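Data from upload17.txt: compact mmCIF, C-alpha atoms
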```
# COMPACT_ATOMS: atom_id res chain seq x y z
CA MET A 1 3.87 -2.28 -24.75
CA GLN A 2 3.91 1.32 -23.58
CA THR A 3 0.22 1.02 -22.66
CA TYR A 4 0.98 -1.91 -20.34
CA LEU A 5 3.83 -0.01 -18.73
CA THR A 6 1.61 3.02 -18.19
CA ILE A 7 -1.07 0.87 -16.57
CA ALA A 8 1.57 -0.79 -14.38
CA GLN A 9 2.86 2.64 -13.38
CA MET A 10 -0.63 3.75 -12.36
CA VAL A 11 -1.19 0.60 -10.30
CA LEU A 12 2.20 1.04 -8.63
CA SER A 13 1.48 4.67 -7.82
CA VAL A 14 -1.81 3.77 -6.11
CA ALA A 15 -0.11 0.94 -4.19
CA LEU A 16 2.70 3.27 -3.14
CA VAL A 17 0.29 5.90 -1.85
CA LEU A 18 -1.64 3.26 0.12
CA VAL A 19 1.51 1.82 1.69
CA LEU A 20 2.73 5.29 2.64
CA LEU A 21 -0.61 6.16 4.24
CA LEU A 22 -0.68 2.93 6.24
CA GLN A 23 2.74 3.48 7.80
CA VAL A 24 2.85 4.49 11.46
CA ARG A 25 3.78 8.13 12.02
CA GLY A 26 5.46 9.67 15.06
CA GLY A 27 5.31 8.37 18.58
CA GLY A 28 1.56 8.53 18.99
CA LEU A 29 0.20 9.53 22.38
CA GLY A 30 3.42 8.70 24.21
CA GLY A 31 4.55 12.34 24.18
CA ILE A 32 1.47 13.43 26.11
CA PHE A 33 2.33 11.21 29.06
CA GLY A 34 6.00 12.16 29.24
CA GLN A 35 7.55 9.51 27.05
CA PRO A 36 10.53 10.98 25.19
CA ASP A 37 10.33 11.10 21.40
CA THR A 38 14.08 10.65 20.96
CA VAL A 39 14.11 7.01 22.04
CA TYR A 40 15.72 4.75 19.43
CA ARG A 41 13.53 1.89 18.34
CA THR A 42 13.64 -0.61 15.53
CA ARG A 43 10.93 -1.45 13.04
CA ARG A 44 9.24 -4.76 13.74
CA GLY A 45 6.42 -6.81 12.30
CA VAL A 46 3.98 -5.02 10.05
CA GLU A 47 5.84 -1.71 10.29
CA LYS A 48 9.01 -3.34 8.91
CA THR A 49 7.02 -5.03 6.14
CA PHE A 50 5.43 -1.72 5.07
CA PHE A 51 8.87 -0.06 5.10
CA GLN A 52 10.36 -2.78 2.88
CA MET A 53 7.32 -2.71 0.57
CA THR A 54 7.77 1.05 0.20
CA ILE A 55 11.37 0.60 -0.93
CA VAL A 56 10.42 -2.14 -3.43
CA LEU A 57 7.52 -0.12 -4.85
CA VAL A 58 9.67 3.00 -5.28
CA VAL A 59 12.38 1.03 -7.10
CA LEU A 60 9.77 -0.58 -9.39
CA PHE A 61 8.10 2.79 -10.02
CA ILE A 62 11.39 4.44 -10.99
CA THR A 63 12.36 1.48 -13.19
CA ILE A 64 9.06 1.53 -15.07
CA SER A 65 9.25 5.32 -15.40
CA LEU A 66 12.70 5.02 -16.99
CA LEU A 67 11.47 2.27 -19.32
CA ILE A 68 8.56 4.44 -20.45
CA LEU A 69 10.95 7.34 -20.98
CA GLY A 70 13.30 5.15 -23.02
CA LEU A 71 10.49 3.81 -25.23
CA SER A 72 9.02 7.21 -26.07
```
When written as structure tokens, how does the structure in this file appear?
Amino acid sequence: MQTYLTIAQMVLSVALVLVLLLQVRGGGLGGIFGQPDTVYRTRRGVEKTFFQMTIVLVVLFITISLLILGLS
């Protein structure tokens, strides 16, 4: 069973890295043209989905890590 959990942990870690890399960073080119960076905005669409997926993947990763720790 520990082998399956280790494989699941590896798959989750790759998925987590991919989701983190796909998230939008900063304000883009808006700062060049005078758009303030301190404007409050909400996450919508794909950006919100990636944010929620990140939270779910982190919780699953920590849970599986604790299970592996408990079984060893």
>> Need the shell around stretch 64-72 of chain A: protein/DNA/RNA residues with any atom at most 8 Å away, counting all atoms listed in the file. Skip same-chain ones fewer than 4 positions apart. Format as a list of chain:residue names?
In response: A:Gln2, A:Leu5, A:Thr6, A:Ala8, A:Gln9, A:Leu60
> Do you have the atom CA of A:Leu12-atom CA of A:Arg43 distance handy?
Replying inline: 23.5 Å
> Could you pull the residues within 8 Å of A:Thr54, counting all atoms listed in the file, minus those fewer than 3 positions along the same chain, as a list in words?
Replying inline: Leu16, Val19, Leu20, Phe50, Phe51, Leu57 and Val58 of chain A
Can I get the selected residues back with C-alpha atoms, as a compact mmCIF listing (two decimals), in the coordinates of the input?
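Okay, again_19.txt is ready:
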```txt
# COMPACT_ATOMS: atom_id res chain seq x y z
CA LEU A 16 2.70 3.27 -3.14
CA VAL A 19 1.51 1.82 1.69
CA LEU A 20 2.73 5.29 2.64
CA PHE A 50 5.43 -1.72 5.07
CA PHE A 51 8.87 -0.06 5.10
CA LEU A 57 7.52 -0.12 -4.85
CA VAL A 58 9.67 3.00 -5.28
```
>> As an exercise, work out the distance from atom CA of A:Ile55 to atom CA of A:Met10 in Å and give it to one decimal place.
In response: 16.9 Å
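What separates atom CA of A:Arg44 from atom CA of A:Leu18 is a distance of 19.2 Å.
Remark: for A:Gly45, the closest of the candidate residues A:Thr63, A:Thr3, A:Gln23, A:Ser13 is A:Gln23 (distances computed over all atoms listed in the file).
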